[in-house]
$ cat entry.txt   # compact mmCIF, C-alpha atoms and all ligand atoms
# COMPACT_ATOMS: atom_id res chain seq x y z
CA MET R 9 -21.58 48.00 22.30
CA THR R 10 -20.41 49.12 18.84
CA ALA R 11 -22.30 48.43 15.60
CA VAL R 12 -21.35 45.13 13.99
CA ARG R 13 -20.30 44.95 10.37
CA ILE R 14 -21.10 41.57 8.85
CA SER R 15 -19.70 40.59 5.47
CA PRO R 16 -22.53 38.77 3.64
CA ARG R 17 -20.01 37.31 1.20
CA SER R 18 -16.46 36.95 2.35
CA SER R 19 -13.94 37.66 -0.39
CA ALA R 20 -11.31 35.38 1.12
CA ARG R 21 -10.77 33.43 -2.11
CA GLN R 22 -11.20 36.40 -4.39
CA GLY R 23 -8.39 38.50 -2.91
CA SER R 24 -4.73 37.66 -2.63
CA LYS R 25 -4.24 34.00 -1.71
CA SER R 26 -0.94 34.84 -0.02
CA LEU R 27 -2.72 35.12 3.34
CA ARG R 28 -3.85 31.80 4.74
CA THR R 29 -7.47 31.76 5.84
CA ALA R 30 -9.03 30.33 8.98
CA LEU R 31 -12.77 30.04 9.48
CA VAL R 32 -13.91 29.85 13.11
CA THR R 33 -17.49 28.92 13.98
CA GLY R 34 -18.70 30.31 17.32
CA VAL R 35 -16.14 33.12 17.07
CA LEU R 36 -18.09 35.31 19.50
CA GLY R 37 -17.77 32.75 22.32
CA GLN R 38 -14.96 32.49 24.87
CA ASP R 39 -12.70 30.16 22.87
CA GLY R 40 -13.59 31.78 19.56
CA ALA R 41 -12.17 35.09 20.75
CA TYR R 42 -8.91 33.66 22.13
CA LEU R 43 -8.45 31.43 19.08
CA ALA R 44 -9.06 34.32 16.68
CA LYS R 45 -6.32 36.26 18.47
CA THR R 46 -3.92 33.32 18.25
CA LEU R 47 -4.63 32.87 14.52
CA LEU R 48 -4.14 36.57 13.81
CA ASP R 49 -0.82 36.42 15.67
CA GLU R 50 0.11 33.43 13.46
CA GLY R 51 -0.57 35.52 10.35
CA TYR R 52 -3.96 34.12 9.30
CA ARG R 53 -6.85 36.00 7.87
CA VAL R 54 -9.64 35.16 10.34
CA ILE R 55 -13.25 34.80 9.26
CA GLY R 56 -15.68 34.30 12.11
CA GLY R 57 -19.03 32.55 11.71
CA ILE R 58 -21.91 33.97 13.72
CA ARG R 59 -25.61 33.22 14.00
CA ARG R 60 -27.98 36.09 13.45
CA THR R 61 -29.61 37.47 16.57
CA SER R 62 -31.42 40.76 17.20
CA SER R 63 -28.26 42.17 18.80
CA VAL R 64 -24.98 40.52 17.89
CA ASN R 65 -22.50 41.25 20.66
CA PRO R 66 -18.77 41.11 19.86
CA TRP R 67 -17.65 42.20 23.37
CA ARG R 68 -15.06 39.45 23.70
CA LEU R 69 -13.33 40.43 20.43
CA GLU R 70 -13.40 44.03 21.66
CA GLU R 71 -11.84 43.08 25.01
CA LEU R 72 -8.96 41.40 23.16
CA GLY R 73 -8.61 44.41 20.82
CA ILE R 74 -9.24 42.37 17.64
CA ARG R 75 -12.78 43.39 16.71
CA ASP R 76 -11.68 45.19 13.54
CA HIS R 77 -9.39 42.36 12.46
CA VAL R 78 -11.97 39.58 12.24
CA ASP R 79 -14.42 39.36 9.32
CA LEU R 80 -17.81 38.19 10.51
CA VAL R 81 -20.02 36.09 8.23
CA PRO R 82 -23.50 34.69 8.89
CA LEU R 83 -23.05 30.97 9.62
CA ASP R 84 -25.75 29.29 11.66
CA LEU R 85 -24.73 25.66 11.98
CA LEU R 86 -28.32 24.44 11.72
CA GLU R 87 -28.78 25.89 8.22
CA GLN R 88 -27.10 23.23 6.10
CA SER R 89 -27.46 25.13 2.83
CA ASN R 90 -25.67 28.12 4.36
CA VAL R 91 -22.93 25.85 5.73
CA GLN R 92 -22.42 24.33 2.25
CA ARG R 93 -22.34 27.69 0.45
CA THR R 94 -20.08 29.41 3.00
CA ILE R 95 -17.47 26.66 3.02
CA GLY R 96 -17.69 26.27 -0.76
CA ARG R 97 -17.05 29.99 -1.21
CA ILE R 98 -14.31 30.49 1.38
CA ARG R 99 -12.57 27.10 1.12
CA PRO R 100 -10.56 27.93 4.25
CA ASP R 101 -7.16 26.47 4.97
CA LEU R 102 -8.28 25.78 8.53
CA LEU R 103 -11.79 25.34 9.92
CA PHE R 104 -12.34 25.31 13.69
CA ASN R 105 -15.78 24.19 14.82
CA LEU R 106 -16.29 25.88 18.18
CA ALA R 107 -19.99 26.73 17.83
CA ALA R 108 -22.19 24.83 20.27
CA GLN R 109 -24.96 24.93 22.80
CA SER R 110 -22.22 24.58 25.38
CA PHE R 111 -24.05 24.82 28.72
CA VAL R 112 -24.61 21.38 30.23
CA GLY R 113 -27.52 22.54 32.43
CA THR R 114 -29.45 23.80 29.38
CA ALA R 115 -28.83 20.54 27.53
CA PHE R 116 -31.15 18.78 29.99
CA GLU R 117 -33.90 21.32 29.13
CA GLU R 118 -33.17 21.52 25.37
CA PRO R 119 -31.87 18.06 24.45
CA VAL R 120 -33.07 18.00 20.83
CA TYR R 121 -31.67 21.45 19.98
CA THR R 122 -28.40 20.56 21.71
CA THR R 123 -28.17 17.31 19.74
CA MET R 124 -28.69 19.13 16.45
CA VAL R 125 -26.12 21.89 17.05
CA ASP R 126 -23.50 19.89 18.95
CA GLY R 127 -23.88 16.60 17.08
CA VAL R 128 -25.62 16.60 13.70
CA ALA R 129 -24.25 19.98 12.58
CA VAL R 130 -20.70 18.59 12.79
CA LEU R 131 -21.73 16.29 9.96
CA TYR R 132 -23.00 19.28 7.94
CA LEU R 133 -19.53 20.84 8.21
CA LEU R 134 -17.68 17.64 7.33
CA GLU R 135 -19.93 17.00 4.34
CA ALA R 136 -19.33 20.55 3.09
CA ILE R 137 -15.57 20.07 3.43
CA ARG R 138 -15.73 16.70 1.70
CA SER R 139 -17.73 18.17 -1.22
CA HIS R 140 -16.11 21.59 -1.64
CA ALA R 141 -12.81 21.83 0.22
CA PRO R 142 -11.17 18.45 0.93
CA GLU R 143 -7.83 20.16 1.62
CA THR R 144 -9.31 22.12 4.54
CA ARG R 145 -7.92 21.07 7.92
CA PHE R 146 -10.73 20.62 10.44
CA TYR R 147 -10.79 20.91 14.25
CA GLN R 148 -13.75 19.64 16.29
CA ALA R 149 -14.30 20.98 19.83
CA SER R 150 -14.83 17.78 21.78
CA THR R 151 -14.99 17.67 25.56
CA SER R 152 -14.17 15.86 28.79
CA GLU R 153 -17.96 15.65 29.32
CA MET R 154 -17.82 12.70 26.90
CA PHE R 155 -15.95 10.69 29.59
CA GLY R 156 -18.69 11.45 32.13
CA LYS R 157 -18.95 8.49 34.47
CA ALA R 158 -15.34 7.65 33.76
CA VAL R 159 -13.98 4.28 34.77
CA VAL R 160 -10.37 5.48 34.87
CA VAL R 161 -8.68 8.50 36.48
CA PRO R 162 -6.95 10.35 34.83
CA GLN R 163 -8.58 10.07 31.42
CA THR R 164 -6.57 9.60 28.22
CA GLU R 165 -7.41 9.35 24.51
CA ASP R 166 -8.12 5.64 25.12
CA THR R 167 -10.54 5.99 28.06
CA PRO R 168 -14.05 4.77 27.12
CA PHE R 169 -16.82 7.37 26.92
CA HIS R 170 -19.85 7.31 29.23
CA PRO R 171 -21.53 10.73 28.80
CA ARG R 172 -23.93 11.87 31.53
CA SER R 173 -25.85 14.62 29.72
CA PRO R 174 -27.49 15.20 26.32
CA TYR R 175 -24.58 17.62 25.74
CA GLY R 176 -22.02 14.87 26.30
CA VAL R 177 -23.95 12.41 24.16
CA ALA R 178 -24.20 14.87 21.25
CA LYS R 179 -20.49 15.64 21.51
CA VAL R 180 -19.70 11.91 21.35
CA TYR R 181 -21.45 11.85 17.96
CA GLY R 182 -19.53 14.95 16.82
CA HIS R 183 -16.29 13.28 17.86
CA TRP R 184 -16.90 9.92 16.16
CA ILE R 185 -18.17 11.44 12.92
CA THR R 186 -14.97 13.53 12.84
CA VAL R 187 -12.88 10.38 13.34
CA ASN R 188 -14.97 8.60 10.70
CA TYR R 189 -14.44 11.30 8.06
CA ARG R 190 -10.72 11.19 8.79
CA GLU R 191 -10.61 7.42 8.34
CA ALA R 192 -13.17 7.01 5.56
CA HIS R 193 -12.51 10.10 3.43
CA GLY R 194 -8.92 10.96 4.32
CA LEU R 195 -9.72 14.40 5.72
CA HIS R 196 -7.22 16.19 7.97
CA ALA R 197 -9.66 16.21 10.90
CA SER R 198 -8.74 16.48 14.58
CA SER R 199 -10.77 16.20 17.75
CA GLY R 200 -9.65 17.96 20.93
CA LEU R 201 -10.86 16.31 24.16
CA LEU R 202 -10.63 19.54 26.12
CA PHE R 203 -11.24 19.67 29.85
CA ASN R 204 -12.85 22.75 31.46
CA HIS R 205 -11.11 25.98 30.57
CA GLU R 206 -12.09 29.35 31.92
CA SER R 207 -11.07 33.00 31.69
CA PRO R 208 -12.45 36.49 32.22
CA LEU R 209 -14.26 35.91 28.88
CA ARG R 210 -16.17 32.87 30.20
CA GLY R 211 -19.99 32.93 29.85
CA ILE R 212 -21.80 34.06 32.96
CA ASP R 213 -23.74 30.80 33.56
CA PHE R 214 -20.66 28.66 34.12
CA VAL R 215 -19.82 28.22 37.77
CA THR R 216 -16.39 29.91 37.77
CA ARG R 217 -17.57 33.13 36.14
CA LYS R 218 -20.84 33.01 38.10
CA ILE R 219 -18.72 33.10 41.26
CA THR R 220 -16.29 35.85 40.22
CA HIS R 221 -19.03 38.02 38.71
CA GLY R 222 -21.33 37.45 41.71
CA LEU R 223 -18.62 38.32 44.24
CA ALA R 224 -17.75 41.49 42.31
CA ARG R 225 -21.41 42.56 42.45
CA ILE R 226 -21.60 41.75 46.17
CA ARG R 227 -18.48 43.86 46.83
CA CYS R 228 -20.01 46.76 44.91
CA GLY R 229 -23.34 46.49 46.78
CA LEU R 230 -25.28 45.43 43.66
CA GLN R 231 -26.22 41.94 44.88
CA ASP R 232 -26.83 40.44 48.34
CA ARG R 233 -25.84 36.84 47.87
CA LEU R 234 -24.76 34.11 45.49
CA GLU R 235 -26.73 30.88 45.07
CA LEU R 236 -24.77 27.81 43.99
CA GLY R 237 -25.40 24.09 43.49
CA ASN R 238 -23.05 21.20 44.26
CA LEU R 239 -19.94 22.62 45.96
CA GLU R 240 -18.23 19.21 45.99
CA ALA R 241 -18.22 18.85 42.17
CA ARG R 242 -14.63 18.62 40.94
CA ARG R 243 -13.16 19.74 37.65
CA ASP R 244 -9.78 19.99 35.93
CA TRP R 245 -9.78 23.74 35.26
CA GLY R 246 -7.29 25.42 32.92
CA HIS R 247 -7.07 28.78 31.14
CA ALA R 248 -8.75 29.19 27.72
CA ALA R 249 -5.81 31.20 26.32
CA ASP R 250 -3.60 28.14 26.85
CA TYR R 251 -6.11 25.67 25.40
CA VAL R 252 -6.64 27.43 22.05
CA ARG R 253 -2.90 27.04 21.36
CA ALA R 254 -3.42 23.28 21.48
CA MET R 255 -6.31 23.55 18.97
CA TYR R 256 -4.09 25.41 16.51
CA ALA R 257 -1.18 22.99 17.05
CA MET R 258 -3.42 20.03 16.12
CA THR R 259 -4.06 21.56 12.70
CA GLN R 260 -0.31 21.92 12.11
CA ARG R 261 0.47 18.20 12.48
CA PRO R 262 1.07 16.09 9.35
CA ALA R 263 -2.25 14.27 9.97
CA GLY R 264 -5.37 14.82 12.03
CA SER R 265 -5.72 12.99 15.35
CA THR R 266 -7.33 13.03 18.81
CA TYR R 267 -5.76 14.73 21.85
CA VAL R 268 -6.65 15.21 25.51
CA VAL R 269 -5.95 18.79 26.66
CA ALA R 270 -6.00 19.29 30.44
CA THR R 271 -3.88 20.44 33.40
CA GLY R 272 -3.87 17.06 35.18
CA ALA R 273 -5.07 18.55 38.50
CA ASP R 274 -8.63 18.79 39.78
CA HIS R 275 -10.26 21.13 42.30
CA SER R 276 -13.75 21.41 43.78
CA VAL R 277 -16.22 24.24 43.28
CA ARG R 278 -15.64 24.89 47.01
CA ASP R 279 -11.88 25.32 46.34
CA PHE R 280 -12.60 27.79 43.53
CA LEU R 281 -14.98 29.74 45.76
CA ALA R 282 -12.46 29.84 48.65
CA LEU R 283 -9.72 31.26 46.41
CA ALA R 284 -12.12 33.76 44.85
CA LEU R 285 -13.25 34.97 48.30
CA GLN R 286 -9.63 35.32 49.33
CA ALA R 287 -8.74 37.26 46.17
CA SER R 288 -11.77 39.49 46.84
CA ASP R 289 -10.55 40.24 50.42
CA ILE R 290 -13.82 38.88 51.85
CA GLU R 291 -13.48 37.02 55.17
CA VAL R 292 -16.12 34.37 55.78
CA ARG R 293 -17.20 31.60 58.12
CA TRP R 294 -19.31 28.55 57.23
CA GLU R 295 -22.27 27.07 59.10
CA GLY R 296 -24.74 24.21 58.50
CA GLU R 297 -24.40 21.09 56.38
CA GLY R 298 -25.42 19.76 52.97
CA ARG R 299 -28.10 21.83 51.29
CA ASP R 300 -28.43 23.96 54.48
CA GLU R 301 -24.79 24.98 54.43
CA ARG R 302 -24.22 28.73 54.26
CA CYS R 303 -21.20 30.96 53.88
CA LEU R 304 -21.47 34.07 56.08
CA ASP R 305 -19.63 37.37 56.04
CA ALA R 306 -17.30 36.99 59.06
CA ALA R 307 -17.77 40.62 60.08
CA THR R 308 -21.55 41.04 59.74
CA GLY R 309 -22.91 37.47 59.81
CA ARG R 310 -24.79 38.23 56.58
CA PRO R 311 -25.23 35.16 54.28
CA LEU R 312 -23.07 35.58 51.17
CA VAL R 313 -23.36 32.13 49.58
CA THR R 314 -26.28 29.72 49.96
CA ILE R 315 -27.15 26.42 48.27
CA ASN R 316 -30.02 26.20 45.80
CA PRO R 317 -30.85 22.65 44.58
CA ARG R 318 -32.04 24.22 41.31
CA PHE R 319 -28.37 24.30 40.28
CA TYR R 320 -27.81 20.58 40.89
CA ARG R 321 -27.54 18.47 37.72
CA PRO R 322 -29.95 15.54 37.09
CA ALA R 323 -26.80 13.43 36.56
CA GLU R 324 -23.29 14.51 37.52
CA VAL R 325 -19.99 13.47 36.03
CA ASP R 326 -17.56 11.77 38.39
CA ARG R 327 -13.92 12.73 38.72
CA LEU R 328 -12.73 14.27 35.47
CA VAL R 329 -8.97 14.78 35.33
CA GLY R 330 -7.09 14.67 32.07
CA ASP R 331 -3.74 13.17 31.12
CA SER R 332 -2.26 15.33 28.34
CA SER R 333 0.94 13.34 27.83
CA ARG R 334 0.15 12.81 24.16
CA ALA R 335 -0.48 16.52 23.50
CA LYS R 336 2.72 17.37 25.36
CA ARG R 337 4.72 14.88 23.30
CA ASP R 338 3.26 15.50 19.81
CA LEU R 339 2.17 19.14 20.02
CA GLY R 340 4.79 20.44 22.47
CA TRP R 341 1.84 21.81 24.42
CA GLN R 342 1.98 22.84 28.10
CA PRO R 343 -0.46 24.83 30.22
CA THR R 344 1.21 28.04 31.45
CA ILE R 345 -1.42 29.55 33.77
CA GLY R 346 -2.07 27.76 37.07
CA PHE R 347 -5.29 27.50 39.08
CA PRO R 348 -4.64 30.32 41.62
CA ALA R 349 -3.54 32.72 38.84
CA LEU R 350 -6.67 31.86 36.82
CA VAL R 351 -8.96 32.59 39.78
CA GLU R 352 -7.17 35.85 40.57
CA GLU R 353 -7.35 37.05 36.96
CA MET R 354 -11.09 36.34 36.80
CA VAL R 355 -11.77 38.04 40.15
CA ARG R 356 -9.77 41.12 39.14
CA ALA R 357 -11.40 41.40 35.68
CA ASP R 358 -14.94 41.13 37.05
CA TYR R 359 -14.32 43.59 39.86
CA ASP R 360 -12.89 46.11 37.36
CA ARG R 361 -15.84 45.65 35.00
CA VAL R 362 -18.50 45.92 37.71
CA ARG R 363 -16.84 49.05 39.17
CA ARG R 364 -16.78 50.59 35.69
CA SER R 365 -20.37 49.32 35.06
CA VAL R 366 -19.29 47.47 31.94
CA ASP R 367 -21.65 44.77 30.65
CA ALA R 368 -19.92 41.44 29.92
P1 LIG R 401 -19.33 29.49 24.28
O1 LIG R 401 -18.65 30.64 24.94
O2 LIG R 401 -20.68 29.08 24.75
O3 LIG R 401 -19.40 29.81 22.71
C1 LIG R 401 -20.19 29.04 21.83
C2 LIG R 401 -20.45 29.85 20.59
O4 LIG R 401 -21.27 29.05 19.72
C3 LIG R 401 -21.23 31.16 20.84
O5 LIG R 401 -20.59 32.21 20.20
C4 LIG R 401 -22.59 30.88 20.20
O6 LIG R 401 -23.19 32.00 19.59
C5 LIG R 401 -22.23 29.89 19.10
N1 LIG R 401 -23.39 29.14 18.65
C6 LIG R 401 -24.32 28.49 19.38
N2 LIG R 401 -25.24 27.92 18.59
C7 LIG R 401 -24.90 28.21 17.31
C8 LIG R 401 -25.45 27.92 16.04
N3 LIG R 401 -26.56 27.20 15.91
N4 LIG R 401 -24.81 28.38 14.93
C9 LIG R 401 -23.71 29.13 15.03
N5 LIG R 401 -23.13 29.46 16.22
C10 LIG R 401 -23.72 29.00 17.34
O7 LIG R 401 -18.41 28.19 24.37
P2 LIG R 401 -16.82 28.09 24.60
O8 LIG R 401 -16.57 27.92 26.05
O9 LIG R 401 -16.14 29.13 23.82
O10 LIG R 401 -16.55 26.64 23.96
C11 LIG R 401 -16.20 26.51 22.58
C12 LIG R 401 -16.44 25.08 22.14
O11 LIG R 401 -15.65 24.19 22.92
C13 LIG R 401 -17.87 24.60 22.29
O12 LIG R 401 -18.13 23.72 21.23
C14 LIG R 401 -17.87 23.85 23.61
O13 LIG R 401 -18.89 22.88 23.61
C15 LIG R 401 -16.48 23.23 23.56
N6 LIG R 401 -15.84 22.98 24.85
C16 LIG R 401 -15.73 23.97 25.76
C17 LIG R 401 -15.06 23.72 26.95
C18 LIG R 401 -14.87 24.80 27.99
O14 LIG R 401 -14.52 24.45 29.14
N7 LIG R 401 -15.01 26.07 27.63
C19 LIG R 401 -14.50 22.45 27.18
C20 LIG R 401 -14.63 21.48 26.20
C21 LIG R 401 -15.30 21.75 25.02
P3 LIG R 401 -23.76 33.27 20.41
O15 LIG R 401 -22.54 34.10 20.70
O16 LIG R 401 -24.70 33.87 19.44
O17 LIG R 401 -24.41 32.71 21.65
O1 LIG R 402 -20.24 23.39 35.97
C1 LIG R 402 -21.17 22.62 39.48
C2 LIG R 402 -21.89 21.85 38.38
O2 LIG R 402 -21.48 24.72 34.31
C3 LIG R 402 -19.11 22.88 36.65
C4 LIG R 402 -18.72 23.60 29.65
O3 LIG R 402 -17.75 24.47 29.12
O4 LIG R 402 -17.06 22.31 30.79
C5 LIG R 402 -18.23 23.08 30.99
O5 LIG R 402 -19.26 22.27 31.55
C6 LIG R 402 -19.55 22.15 37.90
C7 LIG R 402 -20.73 21.19 37.69
O6 LIG R 402 -19.31 23.57 33.66
C8 LIG R 402 -23.18 25.56 40.17
O7 LIG R 402 -22.79 20.92 38.97
C9 LIG R 402 -22.20 24.01 41.30
O8 LIG R 402 -20.44 19.97 38.31
O9 LIG R 402 -19.22 25.53 35.10
P1 LIG R 402 -20.11 24.40 34.75
P2 LIG R 402 -19.44 22.08 33.13
O10 LIG R 402 -20.78 21.52 33.34
O11 LIG R 402 -18.29 21.30 33.66
C10 LIG R 402 -17.17 21.18 29.92
C11 LIG R 402 -15.84 20.53 29.78
C12 LIG R 402 -17.81 21.53 28.63
O12 LIG R 402 -17.52 20.94 27.60
C13 LIG R 402 -18.97 22.46 28.67
O13 LIG R 402 -19.21 23.05 27.40
O14 LIG R 402 -20.01 23.12 38.83
N1 LIG R 402 -21.94 23.77 40.00
N2 LIG R 402 -22.96 25.10 41.42
C14 LIG R 402 -22.53 24.71 39.27
N3 LIG R 402 -22.54 24.91 37.93
C15 LIG R 402 -23.22 26.00 37.48
N4 LIG R 402 -23.21 26.25 36.16
N5 LIG R 402 -23.89 26.85 38.33
C16 LIG R 402 -23.89 26.67 39.68
O15 LIG R 402 -24.50 27.46 40.42

$ encode --input "entry.txt" --output "structure tokens"
Amino acid sequence: MTAVRISPRSSARQGSKSLRTALVTGVLGQDGAYLAKTLLDEGYRVIGGIRRTSSVNPWRLEELGIRDHVDLVPLDLLEQSNVQRTIGRIRPDLLFNLAAQSFVGTAFEEPVYTTMVDGVAVLYLLEAIRSHAPETRFYQASTSEMFGKAVVVPQTEDTPFHPRSPYGVAKVYGHWITVNYREAHGLHASSGLLFNHESPLRGIDFVTRKITHGLARIRCGLQDRLELGNLEARRDWGHAADYVRAMYAMTQRPAGSTYVVATGADHSVRDFLALALQASDIEVRWEGEGRDERCLDAATGRPLVTINPRFYRPAEVDRLVGDSSRAKRDLGWQPTIGFPALVEEMVRADYDRVRRSVDA
């Protein structure tokens, strides 16, 4: 990991104003990295907000080759005074709020923290924009988790919300306060109802990356088996590189709005695992049922995947599949990377990293 240079005071407004400026919270996360790359390609100066930790790790920016092109500023969403000062100083043209406690499993263990970061902090940002930078165009990272126990399949912008986790509940607040500031204060504020999107830059706790990383370690003899939860859970999985294009497109519309971003097709965790095993050239057979089901190496009979109820959720979402007709019509947005290609890319990237002993 290389040393990280953090600009305590960004000079975005002091230098030439010819370059448009985008501020991205959560820039070190999966979407932050892909979005920063998209914005740089669009000609923006990109300032990335990060929270201070003992070892800030910009590995995703490094993987995309943009580490030296993004200015990092301290911006912990829970410190309202810092949020006010940073936005007042930078007055960005675009502000993307991607920072979040984004892991649903953790939200059940840390519901208050999750509510503060994923819900209340959205209000801190909107208040700062309202006070200091009302021309700033704002994007809020909303989620299909807000639909939760959805009454309609597929879900659209008009489907009622019924969140099933403290994460989903907090995001519902973030969404509605964004809509409210658009309607009440005339801000250019958009909310993207994004369904699951993955990539080789996905965090290691999420099931897709847990599978591809785990299989790579098994192939390299570094791990015996993979423990998973509910294999029947279904998600509408797309590629993060596609989804950040929709975020940017929302900020380019004449007015802010709400859009569903999804592929329109769902698959089970079992489907993802099967494709990942295939792409890893591992032949398997299954035995047992329910929580006793096991996936064995066809050649040796060794268990490769077992079920651990620890990874079940206290409450699951039902069938989440998105209808992106509106985004396709207004934003000209289309997903370009299909499910098998996504799985293969993730399997290949993790195998390469594990073989080269690269931490990610
Ligand atoms: P991610 O990889 O978990 O990234 C989240 C980022 O937020 C991390 O860089 C994290 O910092 C930062 N963060 C957390 N708490 C913070 C705080 N208090 N102050 C400042 N930064 C903080 O998530 P992602 O997958 O890129 O998702 C981006 C956004 O989209 C999130 O808001 C997520 O809830 C939402 N979303 C994601 C999906 C999806 O499928 N990926 C779908 C719908 C919505 P550290 O790097 O220090 O941990
Ligand atoms: O779980 C099941 C689990 O943690 C997907 C976040 O980006 O997308 C993400 O949230 C499914 C669930 O993602 C394991 O029960 C089985 O049904 O990868 P996940 P998520 O909860 O859908 C939404 C749209 C967001 O907004 C979130 O920020 O997979 N599952 N076995 C497992 N999940 C995990 N994590 N680990 C397992 O072992």

$ residues_around --input "entry.txt" --residues "range 152-158 of chain R" --least-positions-apart "2" --cutoff "12 Å" --atoms "only C-alpha atoms" --output "VMD selection string"
chain R and resid 110 to 112 149 to 150 160 to 184 199 to 205 243 to 245 267 to 270 323 to 332

$ residues_near_point --input "entry.txt" --point "(-18.5, 19.0, 13.8)" --cutoff "6 Å" --atoms "only C-alpha atoms" --output "list in words"
Asn105, Ala129, Val130, Leu131, Leu133, Gln148 and Gly182 of chain R

$ write_last_selection --input "entry.txt" --atoms "C-alpha atoms" --output "compact mmCIF listing (two decimals), in the frame of the given file"
# COMPACT_ATOMS: atom_id res chain seq x y z
CA ASN R 105 -15.78 24.19 14.82
CA ALA R 129 -24.25 19.98 12.58
CA VAL R 130 -20.70 18.59 12.79
CA LEU R 131 -21.73 16.29 9.96
CA LEU R 133 -19.53 20.84 8.21
CA GLN R 148 -13.75 19.64 16.29
CA GLY R 182 -19.53 14.95 16.82

$ residues_near_ligand --input "entry.txt" --ligand "ligand LIG 401 (chain R)" --cutoff "6 Å" --atoms "all atoms listed in the file" --output "VMD selection string"
chain R and resid 34 to 40 58 to 59 83 to 86 106 to 110 125 149 to 151 202 to 205 211

$ closest_residue --input "entry.txt" --among "R:Tyr359, R:Phe319, R:Tyr121, R:Trp67" --to "ligand LIG 402 (chain R)" --atoms "only C-alpha atoms and all ligand atoms"
R:Phe319

$ axis_aligned_box --input "entry.txt" --around "ligand LIG 402 (chain R)" --padding-each-side "5 Å" --output "AutoDock Vina command-line options"
--center_x -20.2 --center_y 23.7 --center_z 34.4 --size_x 18.7 --size_y 17.5 --size_z 24.0

$ closest_residue --input "entry.txt" --among "R:Thr144, R:Ser198, R:Thr33, R:Asn238" --to "ligand LIG 402 (chain R)" --atoms "all atoms listed in the file"
R:Asn238

$ residues_around --input "entry.txt" --residues "Val252 in chain R" --least-positions-apart "2" --cutoff "7 Å" --atoms "only C-alpha atoms" --output "count of residues only"
9

$ atom_distance --input "entry.txt" --atom1 "CA of Val292 in chain R" --atom2 "CA of Ser365 in chain R"
25.9 Å

$ closest_residue --input "entry.txt" --among "R:Pro322, R:Gly96, R:Pro311, R:Gly296" --to "ligand LIG 402 (chain R)" --atoms "all atoms listed in the file"
R:Pro322

$ atom_distance --input "entry.txt" --atom1 "CA of Arg293 in chain R" --atom2 "CA of Arg318 in chain R"
23.6 Å

$ atom_distance --input "entry.txt" --atom1 "CA of Gly51 in chain R" --atom2 "CA of Ile345 in chain R"
24.2 Å

$ closest_residue --input "entry.txt" --among "R:Leu236, R:Leu31, R:Leu339, R:Ala284" --to "ligand LIG 402 (chain R)" --atoms "all atoms listed in the file"
R:Leu236

$ residues_around --input "entry.txt" --residues "Arg210 in chain R" --least-positions-apart "2" --cutoff "10 Å" --atoms "all atoms listed in the file" --output "NGL selection string"
:R and (37-39 or 68 or 205-208 or 212-218 or 248 or 354 or 368)

$ closest_residue --input "entry.txt" --among "R:Arg60, R:Arg225, R:His247, R:Arg310" --to "Ser288 in chain R" --atoms "all atoms listed in the file"
R:Arg225

$ closest_residue --input "entry.txt" --among "R:Cys303, R:Val277, R:Val64, R:Leu209" --to "Ala241 in chain R" --atoms "all atoms listed in the file"
R:Val277

$ residues_around --input "entry.txt" --residues "Asp289 in chain R" --least-positions-apart "6" --cutoff "12 Å" --atoms "all atoms listed in the file" --output "list in words"
Leu223, Ala224, Ile226, Arg227, Ala282, Leu283, Asp305, Ala306, Glu352, Val355, Arg356 and Tyr359 of chain R
